[in-house]
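Novice: What follows is input-v1.txt, compact mmCIF, C-alpha atoms.
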```txt
# COMPACT_ATOMS: atom_id res chain seq x y z
CA MET A 21 -39.00 36.29 -12.39
CA SER A 22 -37.19 35.61 -9.16
CA GLN A 23 -38.67 33.41 -6.50
CA ALA A 24 -38.93 36.42 -4.20
CA GLU A 25 -41.06 38.33 -6.72
CA ALA A 26 -43.15 35.28 -7.45
CA VAL A 27 -44.18 34.78 -3.86
CA GLY A 28 -44.47 38.48 -3.12
CA THR A 29 -41.87 38.65 -0.36
CA ALA A 30 -39.27 41.35 0.03
CA PRO A 31 -36.47 40.60 -2.44
CA GLN A 32 -33.78 41.91 -0.10
CA ALA A 33 -34.89 39.64 2.73
CA VAL A 34 -35.03 36.64 0.44
CA GLY A 35 -31.65 37.60 -1.03
CA GLY A 36 -30.26 37.72 2.49
CA GLU A 37 -31.69 34.31 3.27
CA GLY A 38 -30.28 32.96 0.01
CA ALA A 39 -26.83 34.33 0.80
CA ALA A 40 -26.99 32.83 4.28
CA ARG A 41 -28.03 29.48 2.82
CA TRP A 42 -25.14 29.56 0.36
CA GLY A 43 -22.83 30.54 3.20
CA TRP A 44 -23.91 27.52 5.26
CA ALA A 45 -23.60 25.28 2.19
CA ALA A 46 -20.07 26.53 1.49
CA GLY A 47 -19.16 26.11 5.15
CA SER A 48 -20.59 22.59 5.03
CA LEU A 49 -18.44 21.67 2.03
CA VAL A 50 -15.30 23.12 3.61
CA LEU A 51 -16.03 21.22 6.84
CA LEU A 52 -16.60 17.95 4.98
CA LEU A 53 -13.35 18.30 3.02
CA ALA A 54 -11.47 19.20 6.21
CA LEU A 55 -12.83 16.10 7.93
CA GLY A 56 -11.84 14.03 4.89
CA ALA A 57 -8.31 15.47 5.05
CA LEU A 58 -8.19 14.63 8.76
CA VAL A 59 -9.11 11.01 7.93
CA ARG A 60 -6.30 10.82 5.35
CA TYR A 61 -3.90 12.26 7.94
CA LEU A 62 -4.95 9.77 10.62
CA ASP A 63 -4.85 6.84 8.16
CA ALA A 64 -1.28 7.72 7.24
CA ASN A 65 0.04 8.62 10.69
CA VAL A 66 -1.74 6.59 13.40
CA PRO A 67 0.07 3.35 12.39
CA VAL A 68 3.36 5.29 12.68
CA TRP A 69 2.48 6.82 16.06
CA LEU A 70 1.33 3.44 17.41
CA ALA A 71 3.94 1.26 15.70
CA ASP A 72 4.10 -1.04 18.75
CA VAL A 73 0.40 -1.88 18.53
CA ASN A 74 0.11 -4.78 16.08
CA TRP A 75 -3.61 -4.61 15.32
CA ILE A 76 -3.56 -0.90 14.44
CA LYS A 77 -2.10 -1.76 11.02
CA SER A 78 -5.29 -3.61 10.16
CA VAL A 79 -7.46 -0.54 10.85
CA GLU A 80 -8.55 0.66 7.40
CA PHE A 81 -9.63 4.14 6.33
CA PRO A 82 -13.42 3.49 6.66
CA ILE A 83 -12.97 3.03 10.42
CA TYR A 84 -11.11 6.34 10.78
CA ALA A 85 -13.72 8.02 8.56
CA ILE A 86 -16.71 6.75 10.56
CA ALA A 87 -14.98 7.57 13.88
CA VAL A 88 -14.21 11.11 12.69
CA GLY A 89 -17.80 11.43 11.43
CA LEU A 90 -19.27 10.23 14.74
CA ALA A 91 -17.11 12.71 16.67
CA ALA A 92 -17.98 15.55 14.29
CA GLY A 93 -21.68 14.66 14.47
CA ALA A 94 -21.59 14.74 18.26
CA VAL A 95 -19.88 18.15 18.27
CA LEU A 96 -22.19 19.62 15.62
CA GLY A 97 -25.21 18.22 17.46
CA ALA A 98 -24.04 19.74 20.75
CA LEU A 99 -23.53 23.10 19.02
CA GLY A 100 -26.98 22.84 17.41
CA VAL A 101 -25.68 23.35 13.85
CA ARG A 102 -25.83 19.79 12.46
CA GLU A 103 -28.93 20.47 10.31
CA ARG A 104 -27.72 23.82 9.00
CA LEU A 105 -24.31 22.39 8.09
CA GLY A 106 -25.85 19.36 6.41
CA ALA A 107 -25.91 20.57 2.79
CA ALA A 108 -22.67 18.86 1.69
CA PHE A 109 -23.16 15.74 3.79
CA ARG A 110 -24.79 13.71 1.01
CA THR A 111 -23.93 10.09 1.78
CA GLU A 112 -25.90 8.60 -1.11
CA PHE A 113 -24.51 10.94 -3.77
CA LEU A 114 -20.93 10.51 -2.57
CA ILE A 115 -21.13 6.72 -2.35
CA LYS A 116 -22.78 6.42 -5.76
CA THR A 117 -20.14 8.65 -7.36
CA GLY A 118 -17.46 6.55 -5.64
CA LEU A 119 -19.06 3.38 -7.02
CA VAL A 120 -19.10 4.79 -10.57
CA LEU A 121 -15.36 5.53 -10.12
CA LEU A 122 -14.85 2.04 -8.70
CA GLY A 123 -16.27 0.69 -11.96
CA ALA A 124 -13.14 2.01 -13.72
CA SER A 125 -10.99 -0.36 -11.67
CA ILE A 126 -12.99 -3.48 -12.60
CA ASN A 127 -12.55 -5.18 -15.95
CA LEU A 128 -15.85 -5.44 -17.81
CA ALA A 129 -15.29 -9.18 -18.26
CA VAL A 130 -15.23 -9.62 -14.46
CA ILE A 131 -18.59 -7.83 -14.13
CA ALA A 132 -20.01 -10.03 -16.91
CA ARG A 133 -18.74 -13.24 -15.27
CA ALA A 134 -19.89 -12.21 -11.77
CA ALA A 135 -23.33 -11.10 -12.97
CA GLY A 136 -24.71 -14.66 -13.20
CA PRO A 137 -23.96 -15.81 -9.64
CA ALA A 138 -24.73 -12.30 -8.33
CA ILE A 139 -28.23 -12.42 -9.87
CA VAL A 140 -28.91 -15.92 -8.51
CA GLN A 141 -27.72 -14.87 -5.05
CA SER A 142 -29.74 -11.66 -5.12
CA VAL A 143 -32.99 -13.29 -6.24
CA VAL A 144 -32.79 -16.04 -3.60
CA LEU A 145 -31.76 -13.62 -0.84
CA ILE A 146 -34.26 -10.90 -1.63
CA SER A 147 -37.22 -13.25 -1.89
CA THR A 148 -36.32 -15.30 1.21
CA VAL A 149 -35.38 -12.40 3.48
CA PHE A 150 -38.36 -10.32 2.31
CA LEU A 151 -40.78 -13.15 3.08
CA VAL A 152 -39.17 -13.84 6.49
CA ALA A 153 -39.41 -10.16 7.47
CA TRP A 154 -42.99 -10.00 6.12
CA TRP A 155 -43.99 -13.14 8.06
CA VAL A 156 -42.33 -12.10 11.36
CA GLY A 157 -43.82 -8.63 10.99
CA GLY A 158 -47.25 -10.21 10.58
CA ARG A 159 -46.78 -12.43 13.63
CA LEU A 160 -45.83 -9.36 15.68
CA GLY A 161 -48.83 -7.38 14.44
CA LEU A 162 -47.07 -4.70 12.43
CA ASP A 163 -49.12 -2.53 10.09
CA PRO A 164 -48.99 -4.04 6.53
CA LYS A 165 -47.42 -0.90 5.02
CA LEU A 166 -44.75 -0.76 7.71
CA ARG A 167 -44.11 -4.48 7.13
CA ALA A 168 -43.68 -3.87 3.39
CA VAL A 169 -41.26 -0.95 3.83
CA LEU A 170 -39.29 -2.78 6.51
CA ALA A 171 -39.10 -6.03 4.52
CA ALA A 172 -37.93 -4.19 1.40
CA ALA A 173 -35.27 -2.31 3.37
CA VAL A 174 -33.82 -5.38 5.07
CA SER A 175 -33.91 -7.58 1.97
CA ILE A 176 -32.73 -5.24 -0.80
CA CYS A 177 -30.70 -2.13 -0.14
CA GLY A 178 -31.68 -0.21 2.96
CA VAL A 179 -32.99 3.33 2.75
CA SER A 180 -33.26 3.44 -1.07
CA ALA A 181 -35.43 0.32 -1.09
CA ALA A 182 -37.46 1.67 1.82
CA ILE A 183 -38.15 4.85 -0.18
CA ALA A 184 -39.14 2.83 -3.24
CA ALA A 185 -41.37 0.51 -1.19
CA ALA A 186 -42.93 3.44 0.69
CA GLY A 187 -43.86 4.98 -2.65
CA ALA A 188 -45.17 1.66 -3.95
CA VAL A 189 -47.50 1.01 -1.00
CA ALA A 190 -48.23 4.68 -0.13
CA ALA A 191 -46.76 4.31 3.37
CA ARG A 192 -46.78 7.21 5.80
CA LYS A 193 -43.62 9.29 5.96
CA GLU A 194 -43.36 8.49 9.67
CA GLN A 195 -43.16 4.81 8.77
CA LEU A 196 -40.43 5.54 6.24
CA ALA A 197 -38.49 7.57 8.83
CA TYR A 198 -38.88 4.69 11.30
CA VAL A 199 -37.38 2.16 8.89
CA ALA A 200 -34.63 4.52 7.73
CA SER A 201 -33.54 4.86 11.38
CA LEU A 202 -33.51 1.08 11.77
CA VAL A 203 -31.44 0.60 8.62
CA ILE A 204 -28.75 2.96 9.87
CA LEU A 205 -28.79 1.43 13.36
CA PHE A 206 -28.11 -2.03 11.96
CA ALA A 207 -25.73 -0.94 9.20
CA LEU A 208 -23.23 0.85 11.42
CA PRO A 209 -22.18 -2.12 13.60
CA SER A 210 -22.31 -4.49 10.61
CA ILE A 211 -19.53 -2.46 8.94
CA PHE A 212 -17.20 -3.74 11.66
CA ILE A 213 -18.76 -7.07 12.66
CA VAL A 214 -19.13 -8.69 9.21
CA PRO A 215 -15.50 -8.09 8.07
CA TRP A 216 -14.35 -9.38 11.46
CA LEU A 217 -16.52 -12.49 11.07
CA ALA A 218 -15.24 -12.99 7.50
CA THR A 219 -11.65 -12.87 8.73
CA THR A 220 -12.41 -15.10 11.73
CA LEU A 221 -14.12 -17.67 9.48
CA GLY A 222 -11.10 -17.53 7.14
CA LEU A 223 -13.22 -16.69 4.11
CA ASP A 224 -11.59 -16.16 0.75
CA ALA A 225 -11.65 -12.45 -0.27
CA VAL A 226 -14.12 -13.07 -3.12
CA VAL A 227 -16.52 -15.10 -0.93
CA ALA A 228 -16.21 -12.48 1.83
CA GLY A 229 -17.07 -9.78 -0.71
CA ALA A 230 -20.11 -11.71 -1.96
CA TRP A 231 -21.23 -12.27 1.64
CA ILE A 232 -20.84 -8.60 2.53
CA GLY A 233 -22.62 -7.48 -0.64
CA GLY A 234 -25.44 -9.93 0.01
CA ASN A 235 -26.21 -9.35 3.65
CA ILE A 236 -25.43 -5.74 4.59
CA ASP A 237 -28.35 -3.49 3.72
CA THR A 238 -27.04 -0.11 2.69
CA THR A 239 -24.70 0.36 -0.25
CA ALA A 240 -22.52 2.71 1.78
CA ALA A 241 -22.10 0.17 4.57
CA VAL A 242 -21.35 -2.59 2.04
CA THR A 243 -18.64 -0.41 0.54
CA ALA A 244 -17.13 0.40 3.92
CA ALA A 245 -17.13 -3.25 5.03
CA GLY A 246 -15.72 -4.41 1.67
CA ALA A 247 -12.94 -1.82 1.87
CA ILE A 248 -12.03 -3.06 5.35
CA VAL A 249 -11.54 -6.61 4.01
CA GLY A 250 -9.61 -5.45 0.94
CA ASP A 251 -9.81 -4.37 -2.68
CA GLU A 252 -10.84 -7.75 -4.13
CA ALA A 253 -13.62 -8.13 -1.58
CA LEU A 254 -14.74 -4.57 -2.31
CA GLN A 255 -15.02 -5.23 -6.05
CA ILE A 256 -17.20 -8.34 -5.62
CA ALA A 257 -19.23 -6.73 -2.82
CA ALA A 258 -19.96 -3.76 -5.10
CA ILE A 259 -21.06 -5.99 -8.00
CA VAL A 260 -23.33 -8.11 -5.76
CA LYS A 261 -24.83 -5.07 -4.03
CA GLN A 262 -25.51 -3.27 -7.28
CA THR A 263 -27.21 -6.38 -8.64
CA GLN A 264 -29.54 -6.24 -5.63
CA ASN A 265 -30.04 -2.51 -6.20
CA ALA A 266 -30.98 -3.19 -9.81
CA LEU A 267 -33.72 -5.60 -8.70
CA MET A 268 -35.30 -2.89 -6.53
CA GLY A 269 -37.55 -1.79 -9.41
CA VAL A 270 -38.97 -5.28 -9.83
CA VAL A 271 -39.76 -5.56 -6.12
CA ALA A 272 -41.36 -2.09 -6.09
CA VAL A 273 -43.67 -3.07 -8.96
CA LEU A 274 -44.61 -6.38 -7.30
CA LEU A 275 -45.36 -4.54 -4.04
CA THR A 276 -47.47 -1.94 -5.84
CA ALA A 277 -49.44 -4.68 -7.56
CA TYR A 278 -49.91 -6.62 -4.28
CA PHE A 279 -51.21 -3.59 -2.38
CA VAL A 280 -53.41 -2.36 -5.23
CA PHE A 281 -54.99 -5.73 -6.02
CA ARG A 282 -54.87 -7.67 -2.72
CA VAL A 283 -54.62 -5.28 0.27
CA GLU A 284 -56.52 -2.20 -0.89
CA ARG A 285 -58.46 -3.87 -3.76
CA VAL A 286 -58.64 -0.69 -5.89
CA PRO A 287 -61.26 -1.27 -8.63
CA GLY A 288 -60.02 -0.83 -12.20
CA ALA A 289 -56.43 -0.12 -11.12
CA SER A 290 -53.42 -1.01 -13.26
CA VAL A 291 -49.70 -1.13 -12.55
CA GLY A 292 -47.39 0.02 -15.35
CA LEU A 293 -44.05 -1.63 -16.03
CA GLY A 294 -42.59 1.86 -16.50
CA ALA A 295 -42.27 1.85 -12.70
CA ILE A 296 -39.40 -0.63 -13.05
CA TRP A 297 -37.37 1.93 -14.95
CA GLN A 298 -38.49 4.69 -12.58
CA ARG A 299 -37.13 2.71 -9.58
CA PHE A 300 -34.02 1.45 -11.34
CA PRO A 301 -30.87 2.87 -9.70
CA LYS A 302 -29.33 4.71 -12.66
CA PHE A 303 -25.84 4.91 -11.17
CA VAL A 304 -25.49 1.17 -11.90
CA LEU A 305 -25.37 2.20 -15.57
CA GLY A 306 -22.57 4.63 -14.70
CA PHE A 307 -20.68 1.84 -12.92
CA ILE A 308 -20.90 -0.41 -16.02
CA ALA A 309 -20.07 2.48 -18.37
CA ALA A 310 -16.99 3.35 -16.29
CA SER A 311 -15.83 -0.26 -16.45
CA ALA A 312 -16.38 -0.36 -20.23
CA ILE A 313 -14.51 2.92 -20.80
CA ALA A 314 -11.54 1.86 -18.66
CA THR A 315 -11.44 -1.66 -20.16
CA LEU A 316 -11.39 -0.21 -23.70
CA TYR A 317 -8.76 2.38 -22.72
CA VAL A 318 -6.39 -0.19 -21.23
CA GLY A 319 -7.07 -2.70 -24.01
CA ALA A 320 -6.28 -0.17 -26.75
CA ALA A 321 -3.14 1.22 -25.08
CA ALA A 322 0.31 0.21 -26.36
CA ASP A 323 1.59 0.16 -22.76
CA SER A 324 -1.20 -1.47 -20.76
CA LYS A 325 0.72 -1.10 -17.45
CA ALA A 326 1.00 2.67 -17.91
CA ALA A 327 -2.67 2.83 -18.98
CA SER A 328 -3.70 0.86 -15.87
CA ASP A 329 -1.78 3.35 -13.73
CA VAL A 330 -3.69 6.22 -15.34
CA VAL A 331 -7.03 4.46 -14.77
CA ALA A 332 -6.08 3.83 -11.13
CA VAL A 333 -6.06 7.61 -10.54
CA ALA A 334 -9.84 7.54 -11.03
CA GLY A 335 -10.61 3.98 -9.99
CA SER A 336 -8.56 4.10 -6.80
CA SER A 337 -7.27 7.53 -5.71
CA LEU A 338 -10.36 9.62 -6.51
CA ARG A 339 -12.70 6.80 -5.53
CA THR A 340 -11.06 6.56 -2.10
CA TRP A 341 -11.70 10.27 -1.53
CA PHE A 342 -15.40 9.93 -2.36
CA PHE A 343 -15.68 6.90 -0.09
CA ILE A 344 -13.90 8.69 2.76
CA LEU A 345 -16.31 11.63 2.47
CA ALA A 346 -19.30 9.25 2.34
CA PHE A 347 -18.15 7.33 5.41
CA VAL A 348 -17.62 10.58 7.31
CA CYS A 349 -21.24 11.42 6.42
CA ILE A 350 -22.42 8.05 7.81
CA GLY A 351 -20.85 8.96 11.14
CA VAL A 352 -22.18 12.51 11.14
CA GLU A 353 -25.74 11.40 10.33
CA PHE A 354 -25.87 8.68 13.01
CA ARG A 355 -28.36 9.44 15.78
CA PRO A 356 -28.50 7.12 18.82
CA SER A 357 -31.99 8.42 19.61
CA ALA A 358 -33.29 6.58 16.53
CA LEU A 359 -33.34 3.32 18.53
CA ARG A 360 -35.84 4.74 21.02
CA GLU A 361 -37.94 6.22 18.22
CA ALA A 362 -38.11 2.93 16.34
CA GLY A 363 -39.74 0.92 19.14
CA ALA A 364 -39.23 -2.73 20.03
CA ARG A 365 -41.28 -4.76 17.54
CA PRO A 366 -39.87 -3.34 14.28
CA VAL A 367 -36.39 -3.82 15.79
CA ALA A 368 -37.23 -7.48 16.48
CA VAL A 369 -38.45 -7.99 12.90
CA PHE A 370 -35.36 -6.31 11.48
CA ALA A 371 -33.04 -8.32 13.73
CA ALA A 372 -34.70 -11.65 12.82
CA ALA A 373 -34.49 -10.90 9.10
CA THR A 374 -30.88 -9.78 9.48
CA VAL A 375 -29.89 -13.08 11.13
CA VAL A 376 -31.54 -15.06 8.30
CA ASN A 377 -29.89 -12.74 5.76
CA LEU A 378 -26.48 -13.25 7.38
CA ALA A 379 -26.71 -17.06 7.39
CA LEU A 380 -28.29 -17.49 3.97
CA ALA A 381 -25.92 -15.01 2.31
CA LEU A 382 -22.94 -16.91 3.73
CA VAL A 383 -24.23 -20.20 2.30
CA LEU A 384 -24.99 -18.65 -1.10
CA ALA A 385 -21.69 -16.74 -1.29
CA THR A 386 -19.78 -19.93 -0.51
CA LEU A 387 -21.76 -21.98 -3.06
CA LEU A 388 -21.76 -19.40 -5.87
CA PHE A 389 -18.42 -17.63 -5.50
CA SER A 390 -15.94 -20.26 -4.26
CA GLY A 391 -13.21 -20.51 -6.88
CA PHE A 392 -14.27 -17.30 -8.67
CA GLN A 393 -11.18 -15.63 -10.18
CA LEU A 394 -10.99 -11.84 -10.45
CA ALA A 395 -7.99 -11.79 -12.78
CA MET B 16 -52.03 2.01 20.73
CA ASP B 17 -48.49 0.80 20.37
CA ARG B 18 -46.09 3.42 19.08
CA SER B 19 -43.99 0.73 17.47
CA THR B 20 -46.70 -0.19 15.01
CA GLN B 21 -48.82 2.92 14.74
CA PRO B 22 -46.92 6.20 14.59
CA PRO B 23 -49.08 8.78 16.33
CA ASP B 24 -49.19 11.58 13.79
CA ALA B 25 -51.93 12.02 11.23
CA PRO B 26 -51.38 10.04 8.04
CA SER B 27 -49.07 11.81 5.64
CA PRO B 28 -48.25 9.76 2.56
CA ALA B 29 -44.61 9.25 1.68
CA PRO B 30 -43.56 10.65 -1.68
CA ALA B 31 -44.96 8.41 -4.40
CA THR B 32 -42.09 9.09 -6.77
CA PRO B 33 -38.54 9.34 -5.45
CA GLY B 34 -37.62 12.12 -7.86
CA PHE B 35 -34.64 13.32 -5.86
CA ARG B 36 -33.19 9.85 -5.77
CA ILE B 37 -33.29 9.61 -9.54
CA ASN B 38 -31.66 13.01 -9.96
CA GLU B 39 -29.02 12.00 -7.44
CA ASP B 40 -28.33 8.80 -9.39
CA TRP B 41 -27.85 10.67 -12.63
CA ALA B 42 -25.75 13.33 -10.89
CA ALA B 43 -23.46 10.65 -9.43
CA THR B 44 -23.20 8.98 -12.84
CA ALA B 45 -22.37 12.25 -14.58
CA VAL B 46 -19.81 13.39 -11.99
CA GLY B 47 -18.14 9.97 -11.89
CA LEU B 48 -17.88 9.61 -15.66
CA VAL B 49 -16.68 13.19 -16.16
CA LEU B 50 -13.95 12.62 -13.56
CA ILE B 51 -12.88 9.40 -15.32
CA LEU B 52 -12.74 11.17 -18.69
CA LEU B 53 -10.69 14.02 -17.17
CA VAL B 54 -8.26 11.46 -15.74
CA LEU B 55 -7.96 9.61 -19.06
CA ALA B 56 -7.45 12.94 -20.87
CA GLY B 57 -4.58 13.77 -18.51
CA VAL B 58 -6.33 16.81 -17.00
CA ILE B 59 -6.36 15.20 -13.55
CA VAL B 60 -3.11 13.46 -12.70
CA LYS B 61 -2.02 11.47 -9.66
CA GLY B 62 0.02 14.32 -8.14
CA MET B 63 -3.08 16.51 -7.90
CA ILE B 64 -4.86 14.14 -5.49
CA PRO B 65 -3.69 14.47 -1.86
```
Have the structure of the file written as structure tokens, please.
Specialist:
Amino acid sequence: MSQAEAVGTAPQAVGGEGAARWGWAAGSLVLLLALGALVRYLDANVPVWLADVNWIKSVEFPIYAIAVGLAAGAVLGALGVRERLGAAFRTEFLIKTGLVLLGASINLAVIARAAGPAIVQSVVLISTVFLVAWWVGGRLGLDPKLRAVLAAAVSICGVSAAIAAAGAVAARKEQLAYVASLVILFALPSIFIVPWLATTLGLDAVVAGAWIGGNIDTTAAVTAAGAIVGDEALQIAAIVKQTQNALMGVVAVLLTAYFVFRVERVPGASVGLGAIWQRFPKFVLGFIAASAIATLYVGAAADSKAASDVVAVAGSSLRTWFFILAFVCIGVEFRPSALREAGARPVAVFAAATVVNLALALVLATLLFSGFQLA
Amino acid sequence: MDRSTQPPDAPSPAPATPGFRINEDWAATAVGLVLILLVLAGVIVKGMIP
């Protein structure tokens, strides 16, 4: 039975609406691919057009992608079609697919060696930054549920953690929207500021990657910032960030338990450990599987150089396309009005936690990743 | 009441289970791994990617 018959509406009308929806979705995909092609074109040609400008050579593709996305978002917003053309603009899906592809370019042994320091860094960072955000939020009189969602977002992985925390503490959707706006507001400038700081401080690529992965909230922004610094920084940033992502389930369960037993005091309630698996970001498994497949493929090949070149088609060329499309989406989805909607006190909490995150992540990255060899 | 701490609308709980997120994770995993396998099988080659 079709949906139209099930709800008793006129099938023709519903069919027309369905066709229109598919039309907008197809248009959205074509637009996204066209914007991605424009980014590739600018990345290849702007340094040629502006050969006399020295710094232009250091402008990497994420910057072109976000700039193109911001411009496209402004135009689509002015035309009033940004929501209708939004079907293909799936930042999270595109970045996660890109990260699975990135896994193919990282030897499994590197992931195994980096996992130890990445877990230590993530546990210290998440617990410290969460508690700082929670404490500052309390001092400023924020609602406990908003504090929980905000603290999870700033300490773990942005919007995904905010969604998990909102589910764990039964926050209002308005509170979740609030925090999601804040995450994006802070992530966008950090894509440019943190790589600049890493270069200014003269950080080694691996330490810079660990710092970026540890302190920037959203996975997409971590990927963009890592790509700006370089491929080695991107690899470590991705491993560190995905370690944080993987701990999201643990934090969600702890939050659920805290709110059930301490804040709301629900009699006879229990918290199942199955929630850890429910919150676990499954694409991390894809990232590890991709690394394992590529490592086995190159290891078993008679000509490992030729095999590495084949793997690079997925781990570099295709991955770059997914990242470009994701970064365009970041720009398109950015809304300056979110700052006004968020209000002053949550912004202050987020900013305070971000400063602590930035400083502590730098110390931990330097302590845990100095001397780490990728090869 | 301060808007920054108490959003004005009536309470409307956020989704308790992020079902879409999980589907999106699996979709990204499947698409990524299928693309890698197609590359390793020689179906997708470097010249095909602009």
Novice: Any idea what the distance is between CA of Ser324 (chain A) and CA of Val120 (chain A)?
Specialist: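 A separation of 21.5 Å between them.
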Novice: Using all atoms listed in the file, collect all residues at a distance of at most 7 Å from (-19.3, 9.4, 11.5) as written in the file, then present them as a count of residues only.
Specialist: 17
Novice: Would you mind listing what lies within 12 Å of Gly62 (chain B) as an MDAnalysis selection string, with only C-alpha atoms counted and same-chain residues fewer than 4 positions away left out?
Specialist: (chainID A and resid 330 333 337:338) or (chainID B and resid 54 57:58)
Novice: Rank nothing, just name the residue among A:Ile213, A:Ala46, A:Val144, A:Val369 nearest to Ala241 (chain A), using only C-alpha atoms.
Specialist: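 For Ala241 (chain A), the nearest of the given residues is A:Ile213.
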Novice: Calculate how many Å separate CA of Val101 (chain A) from CA of Val50 (chain A), rounding to one decimal.
Specialist: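 One can read the CA of Val101 (chain A) to CA of Val50 (chain A) distance as 14.6 Å.
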Novice: Hey, can you check how far CA of Lys261 (chain A) sits from CA of Gly233 (chain A)?
Specialist: 4.7 Å
Novice: What residues in chain A have any atom no more than 6 Å from chain B when counting only C-alpha atoms, and can you write them as an MDAnalysis selection string?
Specialist: chainID A and resid 113 116:117 120:121 162:163 187 190:193 302:303 306 333:334 363
Novice: Hey, which of A:Thr111, A:Ser311, A:Thr386, A:Thr276 ends up closest to Ala346 (chain A)? Count only C-alpha atoms.
Specialist: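 Answer, going by the shortest atom-to-atom distance: A:Thr111.
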Novice: Write out as a PDB file with C-alpha atoms, in the frame of the given file the residues lying within 12 Å of Ser175 (chain A), counting all atoms listed in the file and excluding same-chain residues fewer than 5 positions away.
Specialist:
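So the final result, stored in selection_39.pdb, reads:
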```pdb
ATOM      1  CA  GLN A 141     -27.720 -14.870  -5.050  1.00  0.00           C
ATOM      2  CA  SER A 142     -29.740 -11.660  -5.120  1.00  0.00           C
ATOM      3  CA  VAL A 143     -32.990 -13.290  -6.240  1.00  0.00           C
ATOM      4  CA  VAL A 144     -32.790 -16.040  -3.600  1.00  0.00           C
ATOM      5  CA  LEU A 145     -31.760 -13.620  -0.840  1.00  0.00           C
ATOM      6  CA  ILE A 146     -34.260 -10.900  -1.630  1.00  0.00           C
ATOM      7  CA  SER A 147     -37.220 -13.250  -1.890  1.00  0.00           C
ATOM      8  CA  THR A 148     -36.320 -15.300   1.210  1.00  0.00           C
ATOM      9  CA  VAL A 149     -35.380 -12.400   3.480  1.00  0.00           C
ATOM     10  CA  PHE A 150     -38.360 -10.320   2.310  1.00  0.00           C
ATOM     11  CA  LEU A 151     -40.780 -13.150   3.080  1.00  0.00           C
ATOM     12  CA  VAL A 152     -39.170 -13.840   6.490  1.00  0.00           C
ATOM     13  CA  ALA A 153     -39.410 -10.160   7.470  1.00  0.00           C
ATOM     14  CA  TRP A 154     -42.990 -10.000   6.120  1.00  0.00           C
ATOM     15  CA  ARG A 167     -44.110  -4.480   7.130  1.00  0.00           C
ATOM     16  CA  ALA A 168     -43.680  -3.870   3.390  1.00  0.00           C
ATOM     17  CA  VAL A 169     -41.260  -0.950   3.830  1.00  0.00           C
ATOM     18  CA  LEU A 170     -39.290  -2.780   6.510  1.00  0.00           C
ATOM     19  CA  SER A 180     -33.260   3.440  -1.070  1.00  0.00           C
ATOM     20  CA  ALA A 181     -35.430   0.320  -1.090  1.00  0.00           C
ATOM     21  CA  ALA A 182     -37.460   1.670   1.820  1.00  0.00           C
ATOM     22  CA  ALA A 185     -41.370   0.510  -1.190  1.00  0.00           C
ATOM     23  CA  VAL A 203     -31.440   0.600   8.620  1.00  0.00           C
ATOM     24  CA  GLY A 233     -22.620  -7.480  -0.640  1.00  0.00           C
ATOM     25  CA  GLY A 234     -25.440  -9.930   0.010  1.00  0.00           C
ATOM     26  CA  ASN A 235     -26.210  -9.350   3.650  1.00  0.00           C
ATOM     27  CA  ILE A 236     -25.430  -5.740   4.590  1.00  0.00           C
ATOM     28  CA  ASP A 237     -28.350  -3.490   3.720  1.00  0.00           C
ATOM     29  CA  THR A 238     -27.040  -0.110   2.690  1.00  0.00           C
ATOM     30  CA  LYS A 261     -24.830  -5.070  -4.030  1.00  0.00           C
ATOM     31  CA  GLN A 264     -29.540  -6.240  -5.630  1.00  0.00           C
ATOM     32  CA  ASN A 265     -30.040  -2.510  -6.200  1.00  0.00           C
ATOM     33  CA  LEU A 267     -33.720  -5.600  -8.700  1.00  0.00           C
ATOM     34  CA  MET A 268     -35.300  -2.890  -6.530  1.00  0.00           C
ATOM     35  CA  VAL A 271     -39.760  -5.560  -6.120  1.00  0.00           C
ATOM     36  CA  VAL A 369     -38.450  -7.990  12.900  1.00  0.00           C
ATOM     37  CA  PHE A 370     -35.360  -6.310  11.480  1.00  0.00           C
ATOM     38  CA  ALA A 371     -33.040  -8.320  13.730  1.00  0.00           C
ATOM     39  CA  ALA A 372     -34.700 -11.650  12.820  1.00  0.00           C
ATOM     40  CA  ALA A 373     -34.490 -10.900   9.100  1.00  0.00           C
ATOM     41  CA  THR A 374     -30.880  -9.780   9.480  1.00  0.00           C
ATOM     42  CA  VAL A 375     -29.890 -13.080  11.130  1.00  0.00           C
ATOM     43  CA  VAL A 376     -31.540 -15.060   8.300  1.00  0.00           C
ATOM     44  CA  ASN A 377     -29.890 -12.740   5.760  1.00  0.00           C
ATOM     45  CA  LEU A 378     -26.480 -13.250   7.380  1.00  0.00           C
ATOM     46  CA  LEU A 380     -28.290 -17.490   3.970  1.00  0.00           C
ATOM     47  CA  ALA A 381     -25.920 -15.010   2.310  1.00  0.00           C
TER      48      ALA A 381
END
```
